[in-house]
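First up is the structure itself, then whatever we jot down about it.
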Amino acid sequence: MVDSEPQAPNIVAENVQVRYTVNTNDPGQRSQGLRRIGNAMLGRRGQTTVRALRGVNLVAREGEMVGVVGANGSGKSTFLRNIAGVEQPDRGRILVRYQPLLLGVSAALQPALSGSENVRLGCLAMGLSPEEAAEAFDYVVELSSLGAAIHRPMGTYSSGMGARLRFAIALAARPKILLIDEALSTGDATFAERSERAMDELLAEAGTVLLVNHAAKVIQELCTRAVWMHKGEILMDGPAEAVAEKYRWWAWNVAKGKEDVAEKLLHDIVRNAVKEEINILEPELVKNPIPRHAARATKKERAFARHIKRRDHAEVIEETATPLLASAESQVWPEKFETPQSPAKFPALPKPASEAFSAVKSQAGPPPLRLRPSDKKVILRASDPLDRASAIASEGDLTGRRLALQARKVADKRYQDRQKRRDMDDSESVSASKTPHESSIGTHSRDSKR
Amino acid sequence: MNEPTNPSEVRNPLGLSTIPSVSSEGLVPVGKRTSLRSYLAALWNRRHFIIAESRAKMSGSTRKNLLGYGWLFLNPLLSVLAFWFIFGFILQSSRGIENFLGYLVIGVFFFQFTGKSMTGGTGSIRAGAQMIKGFQFPRAALPISTVVRNFLDFIPTVAVMLVLIAVIPPAEVITWRVILVIPVIALQTIFNVGLACLLARIGHKIPDLTNFMSIVSRFWLYGSGVFFSIEDRLADYPAILTAMQFNPMHAYLTLVRNSLLYGVDSPAWLWILGTVWAFGLLIVGFLFFWRGEESYGRL
């Protein structure tokens with residue numbers, strides 16, 4: 001995760017806010033007076049506004065597989081829908097490099113049609129031409145591995161088979177950004193292997209995958225980075241192992257009814273959260289970072305310079321040999337110091353502002369639990385690395401940095417293992433010379449990887 | 001983020017926070033309404049999808065029946081027979097119209113095409129909610145595919161109707177003007193696309209419109225002279241008659257009847273009226289729909 005050279009971003013979400021106005025049965029939300037009579041006549045009880053996303057900032061880069069964990073109703077699916085461009089956020093904006101493809105539980109396939117007809121329809125829906133759809137057909141059949149069931153109506157499929165077909169169709173369009181909303185959980189083990197391979201190919205082509213799943217284990221196994229969403233906000237953003245571990249611990253406590261531990265954990269995480277801000281540089285600024293008024297000044301200078309150029313008078317400059325760097329150095333510095341030099345003294349660095357802040361604030365009792373940061377740009381950060389946050393969250397565990405390194409190593413190792421297995425499989429299949437259909441698919445996928 | 005995992009901590013020993021800067025070069029806002037030109041280009045690229053989708057819906061609805069596609073021909077055949085039995089055999093009414101059976105059949109079938117496009121277009125956004133939530137495509141594909149589907153239903157109907165009108169007495173005057181049915185169908189289809197686009201956005205904003213549409217459709221049906229000649233009935237009210245004659249459906253129906261049944265030339269103003277309505281509504285409806293492109297994801 002500690003990259004010296006960050007990859008180019010594929011998705012940038014800046015302060016995304018979404019609210020829905022929905023009907024409610026809540027007696028506390030009931031409207032009063034005339035409006036209540038009107039609502040009763042229309043068969044309504046009352047309306048309430050739900051803030052599904054409260055200012056989410058996220059940058060996902062090339063080759064990253066980001067997992068999104070969180071409880072039900074924390075805004076994961078809404079966030080994915082907004083990234084896919086299916087919905088527009090009320091505030092904020094989302095920038096993408098390529099058109100994202102949302103792979104949801106529901107897709108636009110016709111249950112009355114056979115699987116093969118649906119493959120064609122799905123490919124056309126994603127913008128492929130009929131020729132491309134025909135080419136992609138074999139790939140889809142191979143990836144979904146439905147066998148003869150591909151010719152049966154889709155209404156007769158089991159949910160797992162349907163999910164497999166949808167996943168395969170989605171990958172047939174070769175998207176660069178894939179958003180997966182709990183679609184992989186229904187596939188069996190053989191399909192998990194195939195889908196992993198397909199996603200590795202996608203990531204190798206500088207793509208990005210966002211994976212929403214309740215199961216922290218899936219995130220840990222597949223992703224390099226994870227994001228924990230809670231009530232429409234991003235609580236944690238970091239290496240998949242660390243985030244998923246903490247989410248699991250929290251979810252376990254909630255499930256066991258240990259509300260106090262869960263609350264405390266959440267509270268610590270909120271206190272340690274860095275309110276992520278993103279500064280988006282506009283392309284015109286990137287190209288020419290000089291403000292307009294300054295640019296005008298340079299224009300004037302240029303005109304001045306042109307005027308100078310016009311003079312047909314060349315000044316004679318005496319040519320001197322440029323001194324060599326080494327010789328110049330030897331002139332300034334003595335070869336040897338006769339007297340031992342005392343080491344240079346630097347003034348002590350001032351304490352971090354956050355520490356000073358915490359020193360004042362060390363009062364009895366924790367500060368009130370606040371999930372929603374105020375509108376002011378307050379940046380929350382850990383006051384003390386040894387405070388209760390890390391003590392509870394990573395008790396007897398490695399520090400986050402080591403976790404990050406480890407996560408990266410593990411991910412690399414897994415990738416290499418998979419690659420090795422694949423190479424072995426491929427060589428086996430070539431040596432055994434399986435059906436020509438399957439071997440052609442293998443070469444196709446390998447070509448695309450190169 | 002936990003403090004030690006924060007990579008900026010390494011570079012930033014003073015604990016000053018930095019806001020990460022991201023260049024937006026090469027990034028585009030997602031799901032925003034594009035310019036009309038690129039929108040039309042995207043729509044044109046999806047033409048295969050629109051056709052495939054309408055055909056899939058059509059065959060999906062017929063496949064469960066034993067006779068399958070046969071119903072596309074049987075349905076109009078049976079309705080013409082029913083009309084013939086009631087109006088031609090039992091009532092023997094002509095209401096002062098020459099070849100009343102042909103007059104009625106043309107009116108009913110051609111009006112059905114527009115009526116179905118109208119109701120289908122009103123609910124097209126709601127019916128395609130799964131698809132809208134599924135992936136990104138120009139949303140105008142939905143109302144257009146509704147019209148395409150009705151058009152595909154309409155073609156076998158017209159074929160059956162032509163055969164039956166020719167077979168069942170009284171005999172028609174068949175001239176070269178039969179060919180003029182094709183431009184009329186084209187104009188009516190263009191009109192339907194505009195209508196479906198217009199109503200799709202309104203129907204998305206006001207879901208109650210779906211209930212209202214069947215009543216509007218009924219009213220329009222009687223106002224277009226499907227069962228009777230409005231020129232005869234409204235002869236005493238010239239003001240209403242003039243207003244009714246601006247009705248595009250009346251223009252299309254009259255054009256078809258003149259060319260197919262009576263073999264006479266239609267007045268030029270009917271052609272102009274039909275063309276202006278078709279292209280005018282197409283432009284207005286499509287632009288209106290395009291302006292609301294971003295809102296269709298929310299239901």
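Chain identifiers are assigned as A, B, and so on, following the order in which chains appear in the structure tokens; residues are numbered from 1 within each chain, and ligands are numbered from 1 in order of appearance.
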**Request:** Would you mind listing what lies within 9 Å of range 165-168 of chain B as an NGL selection string, with only C-alpha atoms counted and same-chain residues fewer than 3 positions away left out?
**Result:** :B and (84 or 101-102 or 105 or 160-162 or 171-172 or 174 or 261)
Could the residues in this selection be written to a file with N, CA and C atoms, as a tab-separated table (two decimals), in the first residue's frame?
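Contents of result35.tsv, freshly written:
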```tsv
chain	number	residue	atom	x	y	z
B	84	TRP	N	-66.57	-8.37	-38.72
B	84	TRP	CA	-67.41	-8.70	-39.88
B	84	TRP	C	-68.72	-9.33	-39.40
B	101	LEU	N	-66.90	-2.09	-43.38
B	101	LEU	CA	-66.02	-3.06	-42.70
B	101	LEU	C	-64.55	-2.67	-42.87
B	102	GLY	N	-64.17	-2.36	-44.12
B	102	GLY	CA	-62.79	-1.95	-44.38
B	102	GLY	C	-62.45	-0.68	-43.62
B	105	VAL	N	-61.97	-1.63	-39.94
B	105	VAL	CA	-60.78	-2.43	-39.66
B	105	VAL	C	-59.52	-1.59	-39.75
B	160	VAL	N	-52.15	-9.28	-42.77
B	160	VAL	CA	-53.41	-10.01	-42.66
B	160	VAL	C	-54.57	-9.12	-43.09
B	161	MET	N	-54.52	-7.87	-42.65
B	161	MET	CA	-55.61	-6.95	-42.95
B	161	MET	C	-55.74	-6.73	-44.45
B	162	LEU	N	-54.61	-6.56	-45.13
B	162	LEU	CA	-54.65	-6.33	-46.58
B	162	LEU	C	-55.31	-7.50	-47.28
B	171	ALA	N	-65.86	-5.38	-52.99
B	171	ALA	CA	-64.54	-5.28	-53.63
B	171	ALA	C	-64.04	-3.84	-53.59
B	172	GLU	N	-62.71	-3.72	-53.45
B	172	GLU	CA	-62.12	-2.39	-53.36
B	172	GLU	C	-61.66	-1.95	-54.74
B	174	ILE	N	-58.64	-1.11	-56.45
B	174	ILE	CA	-57.20	-1.25	-56.20
B	174	ILE	C	-56.44	-0.50	-57.29
B	261	LEU	N	-58.69	1.91	-49.65
B	261	LEU	CA	-60.08	1.49	-49.88
B	261	LEU	C	-60.69	2.14	-51.11
```
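Closest to chain B among A:Thr208, A:Asn118, A:Ser145, A:Ser159 is A:Asn118, based on only C-alpha atoms.
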**Prompt:** Would you give me, as number ranges by chain, the residues in range 139-189 of chain A that DSSP reads as alpha helix (DSSP H)?
**Reply:** A: 139-144, 159-172, 189
Could you write out that same residue set with N, CA and C atoms as a compact mmCIF listing (two decimals), in the first residue's frame?
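Once written, selection.txt looks like this:
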```txt
# COMPACT_ATOMS: atom_id res chain seq x y z
N TYR A 139 -16.40 -17.29 -25.25
CA TYR A 139 -15.78 -16.90 -23.99
C TYR A 139 -16.79 -16.98 -22.85
N VAL A 140 -17.98 -16.50 -23.11
CA VAL A 140 -19.02 -16.51 -22.06
C VAL A 140 -19.39 -17.94 -21.70
N VAL A 141 -19.55 -18.79 -22.71
CA VAL A 141 -19.93 -20.18 -22.45
C VAL A 141 -18.84 -20.87 -21.64
N GLU A 142 -17.58 -20.56 -21.98
CA GLU A 142 -16.48 -21.21 -21.27
C GLU A 142 -16.42 -20.73 -19.83
N LEU A 143 -16.55 -19.40 -19.65
CA LEU A 143 -16.41 -18.83 -18.30
C LEU A 143 -17.56 -19.26 -17.40
N SER A 144 -18.77 -19.28 -17.96
CA SER A 144 -19.91 -19.63 -17.11
C SER A 144 -19.98 -21.13 -16.88
N SER A 159 -30.32 -20.03 -8.96
CA SER A 159 -29.80 -18.68 -8.75
C SER A 159 -28.30 -18.63 -8.99
N GLY A 160 -27.60 -19.70 -8.62
CA GLY A 160 -26.16 -19.73 -8.84
C GLY A 160 -25.82 -19.74 -10.31
N MET A 161 -26.58 -20.51 -11.09
CA MET A 161 -26.32 -20.57 -12.53
C MET A 161 -26.58 -19.21 -13.17
N GLY A 162 -27.66 -18.56 -12.74
CA GLY A 162 -27.97 -17.24 -13.28
C GLY A 162 -26.86 -16.25 -12.96
N ALA A 163 -26.36 -16.31 -11.74
CA ALA A 163 -25.29 -15.39 -11.34
C ALA A 163 -24.04 -15.64 -12.17
N ARG A 164 -23.75 -16.90 -12.42
CA ARG A 164 -22.58 -17.24 -13.23
C ARG A 164 -22.70 -16.68 -14.63
N LEU A 165 -23.89 -16.85 -15.20
CA LEU A 165 -24.08 -16.37 -16.57
C LEU A 165 -23.96 -14.85 -16.62
N ARG A 166 -24.54 -14.16 -15.63
CA ARG A 166 -24.48 -12.70 -15.63
C ARG A 166 -23.04 -12.22 -15.48
N PHE A 167 -22.30 -12.89 -14.60
CA PHE A 167 -20.90 -12.50 -14.40
C PHE A 167 -20.11 -12.67 -15.68
N ALA A 168 -20.35 -13.82 -16.35
CA ALA A 168 -19.61 -14.10 -17.58
C ALA A 168 -19.96 -13.09 -18.66
N ILE A 169 -21.25 -12.73 -18.75
CA ILE A 169 -21.65 -11.76 -19.77
C ILE A 169 -21.00 -10.41 -19.48
N ALA A 170 -20.97 -10.05 -18.20
CA ALA A 170 -20.38 -8.76 -17.83
C ALA A 170 -18.91 -8.71 -18.22
N LEU A 171 -18.20 -9.82 -18.02
CA LEU A 171 -16.78 -9.81 -18.34
C LEU A 171 -16.54 -9.91 -19.84
N ALA A 172 -17.53 -10.36 -20.59
CA ALA A 172 -17.36 -10.48 -22.03
C ALA A 172 -17.17 -9.11 -22.67
N ALA A 189 -17.33 -23.60 -5.97
CA ALA A 189 -15.88 -23.49 -5.86
C ALA A 189 -15.22 -23.40 -7.23
```
Sorted by chain and rising residue number, which residues of range 157-189 of chain B lie within 12 Å of range 146-150 of chain B, and what are their closest atom pairs and distances in Å to one decimal, counting only C-alpha atoms, as JSON lines?
```
{"residue": "B:Thr157", "atom": "CA", "partner": "B:Asn150", "partner_atom": "CA", "distance": 10.6}
{"residue": "B:Ala186", "atom": "CA", "partner": "B:Val148", "partner_atom": "CA", "distance": 11.8}
{"residue": "B:Gln188", "atom": "CA", "partner": "B:Val147", "partner_atom": "CA", "distance": 10.6}
{"residue": "B:Thr189", "atom": "CA", "partner": "B:Val147", "partner_atom": "CA", "distance": 7.4}
```
**Prompt:** What lies within 9 Å of Val226 in chain B using only C-alpha atoms, ignoring chain neighbours under 2 positions off, as a PyMOL selection string?
**Reply:** chain B and resi 103-108+111+221-224+228-230+250+253
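Among the candidates B:Ala41, B:Gly121, B:Met58, B:Phe135, the residue lying nearest to chain A is B:Phe135 (atoms considered: only C-alpha atoms).
The residue that comes closest to Leu43 in chain B, out of B:Thr114, B:Gly70, B:Phe286, B:Arg126 and on the basis of only C-alpha atoms, is B:Phe286.
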